[in-house]
Each structure stands twice: as C-alpha cells, then as structure tokens.
Amino acid sequence: MTIVSLVKNADPARALKDALELIGGLDLSGTVLIKPNLSCARPSGSGLVTNVEVVKAVVEMVAAKGAKPIVGDLPILGWDAETVFDETGIRAIEKAGGELVDWRNNHVEIQLQEAGVLKKVRIARPAIEADYIINVPVLKHHFFTHVSGAMKNLFGLVEPDFRPLVHVLGLDEPLVDLYEFLRPKVVLNVLDATYIAQSVRPSGPYYGPTAARSVTKLNMMAVSRDAVALDATAARMIRVDPEAVEMVRLAAGRGLGTLNPQTIGNARGATLRIKRSPLGRILPYAQNAWSSERFNRISHPLVRRMYGDDVVTLKDARQEMDRADPTNIVVAGACKRCGLCTSACPVKNITLSGSRPIMGDKCIKCFICVEICPDGALAIERK
C-alpha cells in the first residue's frame, strides 16, 4: 500500500522526522540532490518558493545519514538566478551542511527512449550524476496544471531555454515523460505546505505564477516515495479532483503511481480552498490553444509577442523531438576494468565482460561514461 504522511508542526525539522517515520524511514548514501522550487525572486515564506526551513531540514536529515546533500534549481526563464538565490534565502542551507549547486551552464542533452512525447531533453547534469534525488516542491495553484506539486517541480531540472519547447508540447505529458525517466532516482518527495499562496497571478519577465495577493500559514508537510500519490493528495488538499489534474491522471494511467494512497498523520484529511486570480482562470485556455495542432498557427504569434523569440511553434517542437542523435559509444582503447563507467551510467546500461565494457540498448546519450573514463578507452562514434 502506497502511503502519504501528512504532518502539522510549526517546526519543519520535527515535521519531517515524524513524517518520515510514518512512511518507514529512509536509507541514503552517496550524493543526494535536493530539488526545491526556486522559481522566482520571492522570499521564503511567500508560498511561491519552497520554505528554506524545510530545505534545511532535508539537508540536515541527509547529512545525518552520512550522505552528501547538494541543493539546486533554476528559476523561470527571464529571472536572474543570482537574484533568486539571494531573495529566497536558499544560501542558508550551506550552514546546515548542504552545498548550493549552480547548473546554469551545466546541462546535458539526453534521449528518453520510452517517452510518449518528450523524446529528448536538456537536463541539469547533477540530476544525472547524483545517486538519489529528494524532490521538495511547494504546494501552490498553477495556471496550466491546476496543482504545482512533485512532478511539476522536476521541470526546474530542465534547461531554461528548452522549457518553451516543453510547454508547446503540452506540458503535462512531457513532464510525465520526464518523471518516468527520473523516477528510479527520486527516493523521496517532501511537499512544503507551511505557507500557501492565495490568488497567485502572473508576474515577472515571463509572466509565471510568481505573485500572490495573500499567504495562509498552515505549518504542514506531506511526504511520500510516490510522486503521483503525493500530487493526488495535494490536489485533494486544495479541493481539486485528482482526476481533473491531467498530469496526475496520465502518470497513474502509465502505472507510475497511484491516485488513491493511504494517508496517515495528524494532518490527515486537512483541506484548504485556494483562491484563484481571475486571470489564472483564463490562462489554461491560452495554454491549450498554444499546444493545440488546430490553433497553434493562430496562437503562436500572440504567445511569441508576449514571451519573446524563445517561443517555438508546435511543428518545430515536434521536428526537434524527431531528430535522434545518431552517435554511438564504442570501445576505442584498452579497458583496465576500473568499473567507473558502469557505476556512472544513470540507466545501468554498461556491464563489464571479459576485458571490455559491453553497451546495452538503453543508452540515453549523456556520454558521462566517455567523460569519466580515466584512460580514454571509450569514445563517441559519429555517424
């Protein structure tokens, strides 16, 4: 039975400890990437970014287990990352034993072989190289997805310049594709519901959900190993039918999680009606028009005028997805069987047999194995 624990406590560290105990604890080792929501230059406690006290509690928990906690995210396209790091207060995690990782110039393009829509994506390299990921979203209403929760939070790993392409592909299904790829590494999802933003409205360079009229303090946290179950629970918390949240419905339909987990904890059953801004009720229709084959030709020029030249047409986005990388990884030198390539491969596609590494059929073309080989035994064969 999938469990989602919901705990109410004014002390985030205590809330996390209790919530973890309720789901059976967590064992960690190696490098753990902690992924909060740092979407915009808004302070901790605004309900628009993950509460720094929650992130610090996760950092301390990871460090206490002997693992290495690193923390990172990048804001919505158009926002300055340094300003966001300062305004959110995220640098405070360094005093708690965490390392703030800036991956603005450190993305790798990978291919998602099992994806329905998102055949390839440029993603933060630390997410590929980390042993585990702990996903720490903030609960808020989102114009396009109804709920901004665990799966939506992973969008922050995508290179900002690549995000408009994901949007025009429909957002929901591409993000389910991304979650399906990352799911083996996402060992825990911690939903920050300490502060809830009310009447979230567009603001900032690219009109993302980065302003709110008011904030409600709840002092709640929800924790689960299953991001789909957590998002379904989050929807119910804000009185939204999980079946109406397309991302949740699609992910559950693929067998990536459940819509009906068991909920436990002292905040089990707690709900709050989130107030939505008038414009927030209209924007989903604009998103649907932009990502619709029927209306994209009409809506694209309008969207491009609003958001700039980064916006691509649906036709161009689909063509980009069809351009598969024709390269292969080959053994071009003497292998010393150090095993670094097998341990570094994020999809466990490499095995050592005899005197050489053997490549399987799950290669995502991240080429980390080529970079990590100390003797240059592996090479990229261009076709």
# chains A, B, ... in the order shown; residues from 1 in each chain; ligands from 1
>>> residues_around(residues="A:Glu82", least_positions_apart="2", cutoff="12 Å", atoms="only C-alpha atoms", output="short mmCIF file (atom, residue, chain, number, x, y, z; two decimals) with N, CA, C and O atoms, in the first residue's frame")
data_model
loop_
_atom_site.label_atom_id
_atom_site.label_comp_id
_atom_site.auth_asym_id
_atom_site.auth_seq_id
_atom_site.Cartn_x
_atom_site.Cartn_y
_atom_site.Cartn_z
N LEU A 38 12.62 26.98 -6.66
CA LEU A 38 13.20 28.33 -6.59
C LEU A 38 12.84 29.04 -7.89
O LEU A 38 13.70 29.51 -8.63
N CYS A 40 11.35 31.85 -8.64
CA CYS A 40 11.35 33.31 -8.80
C CYS A 40 12.00 33.97 -7.59
O CYS A 40 12.24 33.33 -6.58
N ALA A 41 12.27 35.26 -7.72
CA ALA A 41 12.91 36.02 -6.64
C ALA A 41 11.87 36.47 -5.62
O ALA A 41 11.49 37.64 -5.56
N ASP A 73 18.46 24.43 -8.16
CA ASP A 73 17.29 24.69 -9.00
C ASP A 73 17.61 25.92 -9.84
O ASP A 73 18.55 26.67 -9.54
N LEU A 74 16.87 26.12 -10.91
CA LEU A 74 16.97 27.34 -11.69
C LEU A 74 15.58 27.94 -11.86
O LEU A 74 14.60 27.20 -11.98
N PRO A 75 15.49 29.27 -11.87
CA PRO A 75 14.19 29.92 -11.93
C PRO A 75 13.54 29.87 -13.30
O PRO A 75 14.12 29.38 -14.27
N TRP A 79 14.24 35.19 -15.24
CA TRP A 79 14.65 35.62 -13.90
C TRP A 79 16.14 35.36 -13.72
O TRP A 79 16.67 34.35 -14.17
N ASP A 80 16.80 36.26 -13.03
CA ASP A 80 18.23 36.12 -12.76
C ASP A 80 18.46 35.15 -11.61
O ASP A 80 17.92 35.33 -10.51
N VAL A 84 17.61 35.34 -7.51
CA VAL A 84 16.70 34.35 -6.92
C VAL A 84 17.34 33.67 -5.73
O VAL A 84 16.71 33.48 -4.68
N PHE A 85 18.62 33.28 -5.86
CA PHE A 85 19.31 32.64 -4.74
C PHE A 85 19.35 33.56 -3.52
O PHE A 85 19.19 33.12 -2.38
N ASP A 86 19.55 34.86 -3.77
CA ASP A 86 19.61 35.82 -2.67
C ASP A 86 18.24 36.05 -2.04
O ASP A 86 18.09 36.02 -0.81
N GLU A 87 17.25 36.30 -2.87
CA GLU A 87 15.92 36.66 -2.38
C GLU A 87 15.22 35.51 -1.66
O GLU A 87 14.49 35.72 -0.70
N THR A 88 15.41 34.30 -2.14
CA THR A 88 14.76 33.15 -1.50
C THR A 88 15.44 32.76 -0.19
O THR A 88 14.85 32.05 0.62
N GLY A 89 16.69 33.21 0.00
CA GLY A 89 17.42 32.85 1.21
C GLY A 89 18.01 31.46 1.17
O GLY A 89 18.44 30.93 2.21
N ILE A 90 18.06 30.84 -0.03
CA ILE A 90 18.48 29.45 -0.12
C ILE A 90 19.94 29.24 0.28
O ILE A 90 20.33 28.12 0.66
N ARG A 91 20.74 30.28 0.27
CA ARG A 91 22.15 30.13 0.65
C ARG A 91 22.30 29.69 2.12
O ARG A 91 23.36 29.22 2.52
N LEU A 100 25.20 24.44 -2.28
CA LEU A 100 24.34 25.01 -3.32
C LEU A 100 25.02 24.86 -4.67
O LEU A 100 26.13 25.33 -4.87
N VAL A 101 24.35 24.16 -5.59
CA VAL A 101 24.91 23.86 -6.90
C VAL A 101 24.25 24.75 -7.95
O VAL A 101 23.03 24.82 -8.04
N ASP A 102 25.07 25.44 -8.72
CA ASP A 102 24.59 26.31 -9.79
C ASP A 102 24.84 25.62 -11.13
O ASP A 102 25.98 25.48 -11.55
N TRP A 103 23.77 25.19 -11.79
CA TRP A 103 23.97 24.44 -13.04
C TRP A 103 23.53 25.24 -14.28
O TRP A 103 23.14 24.67 -15.30
N ARG A 104 23.63 26.55 -14.20
CA ARG A 104 23.24 27.38 -15.35
C ARG A 104 23.96 26.97 -16.63
O ARG A 104 23.38 27.00 -17.71
#
>>> closest_atom_pairs(of="stretch 194-262 of chain A", to="stretch 15-21 of chain A", cutoff="10 Å", atoms="only C-alpha atoms", output="Markdown table")
| residue | atom | partner | partner_atom | distance |
| --- | --- | --- | --- | --- |
| A:Asn219 | CA | A:Ala15 | CA | 8.7 |
| A:Met220 | CA | A:Ala15 | CA | 7.7 |
| A:Met221 | CA | A:Ala15 | CA | 6.7 |
| A:Ala222 | CA | A:Ala19 | CA | 7.2 |
| A:Val223 | CA | A:Ala19 | CA | 6.2 |
| A:Ser224 | CA | A:Leu20 | CA | 8.3 |
| A:Arg225 | CA | A:Leu20 | CA | 9.9 |
>>> write_last_selection(atoms="N, CA and C atoms", output="compact mmCIF listing (two decimals), in the first residue's frame")
# COMPACT_ATOMS: atom_id res chain seq x y z
N ASN A 219 1.69 25.39 8.28
CA ASN A 219 2.65 24.57 9.03
C ASN A 219 2.47 23.08 8.77
N MET A 220 2.22 22.74 7.49
CA MET A 220 2.01 21.33 7.12
C MET A 220 3.10 20.83 6.18
N MET A 221 3.26 19.53 6.20
CA MET A 221 4.20 18.86 5.31
C MET A 221 3.60 17.52 4.92
N ALA A 222 3.74 17.15 3.64
CA ALA A 222 3.27 15.84 3.17
C ALA A 222 4.46 15.12 2.54
N VAL A 223 4.60 13.84 2.84
CA VAL A 223 5.79 13.09 2.42
C VAL A 223 5.37 11.75 1.83
N SER A 224 6.00 11.37 0.72
CA SER A 224 5.74 10.07 0.11
C SER A 224 6.88 9.69 -0.81
N ARG A 225 7.06 8.40 -1.02
CA ARG A 225 8.02 7.94 -2.01
C ARG A 225 7.43 8.02 -3.42
>>> residues_around(residues="A:Asn296", least_positions_apart="5", cutoff="8 Å", atoms="only C-alpha atoms", output="list of chain:residue names")
A:Ala289, A:Trp290, A:Ser291, A:Thr313, A:Leu314
>>> select_by_dssp(residues="stretch 154-191 of chain A", states="alpha helix (DSSP H)", output="ChimeraX atom specification")
/A:163-168,172-182
>>> closest_residue(among="A:Ala234, A:Cys363, A:Cys338, A:Ala64", to="A:Leu6", atoms="only C-alpha atoms")
A:Ala234
>>> closest_residue(among="A:Val166, A:Ile133, A:Cys345, A:Met1", to="A:Cys366", atoms="only C-alpha atoms")
A:Cys345
>>> select_by_dssp(residues="stretch 12-155 of chain A", states="strand (DSSP E)", output="PyMOL selection string")
chain A and resi 31-36+68-71+99-100+107-111+120-124+132-136+140-142+146-148
>>> write_last_selection(atoms="C-alpha atoms", output="CSV table (one decimal), in the first residue's frame")
chain,number,residue,atom,x,y,z
A,31,THR,CA,25.4,12.1,-3.3
A,32,VAL,CA,21.8,13.3,-2.8
A,33,LEU,CA,20.4,16.1,-5.0
A,34,ILE,CA,17.7,18.1,-3.1
A,35,LYS,CA,15.5,19.9,-5.5
A,36,PRO,CA,13.4,22.7,-4.1
A,68,LYS,CA,26.3,14.3,0.8
A,69,PRO,CA,23.5,16.8,0.3
A,70,ILE,CA,23.6,19.1,-2.7
A,71,VAL,CA,20.9,21.6,-3.4
A,99,GLU,CA,26.2,22.6,-1.0
A,100,LEU,CA,24.3,25.0,-3.3
A,107,HIS,CA,23.2,20.7,-18.7
A,108,VAL,CA,23.4,17.6,-20.8
A,109,GLU,CA,21.1,16.5,-23.6
A,110,ILE,CA,19.7,13.0,-23.1
A,111,GLN,CA,17.3,10.9,-25.1
A,120,LYS,CA,14.9,14.2,-25.7
A,121,VAL,CA,15.6,16.9,-23.2
A,122,ARG,CA,18.4,19.0,-21.8
A,123,ILE,CA,18.7,18.4,-18.1
A,124,ALA,CA,20.9,19.5,-15.2
A,132,TYR,CA,19.5,9.9,-5.4
A,133,ILE,CA,17.1,12.8,-5.7
A,134,ILE,CA,14.9,14.2,-3.0
A,135,ASN,CA,12.1,16.4,-4.5
A,136,VAL,CA,11.0,19.3,-2.3
A,140,LYS,CA,0.5,26.1,-4.9
A,141,HIS,CA,-2.0,26.6,-7.6
A,142,HIS,CA,-0.6,26.6,-11.2
A,146,HIS,CA,-4.0,23.1,-11.6
A,147,VAL,CA,-1.6,21.9,-9.0
A,148,SER,CA,2.2,22.6,-8.7
>>> residues_around(residues="A:Arg236", least_positions_apart="3", cutoff="9 Å", atoms="only C-alpha atoms", output="JSON, numbers by chain")
{"A": [231, 232, 233, 239, 240, 241, 242, 269, 270, 271, 272]}
>>> residues_around(residues="A:Pro261", least_positions_apart="6", cutoff="6 Å", atoms="only C-alpha atoms", output="MDAnalysis selection string")
chainID A and resid 2:3 229
>>> atom_distance(atom1="atom CA of A:Glu180", atom2="atom CA of A:Val158")
14.4 Å
>>> residues_around(residues="A:Gly208", least_positions_apart="6", cutoff="8 Å", atoms="only C-alpha atoms", output="PyMOL selection string")
chain A and resi 76+201-202
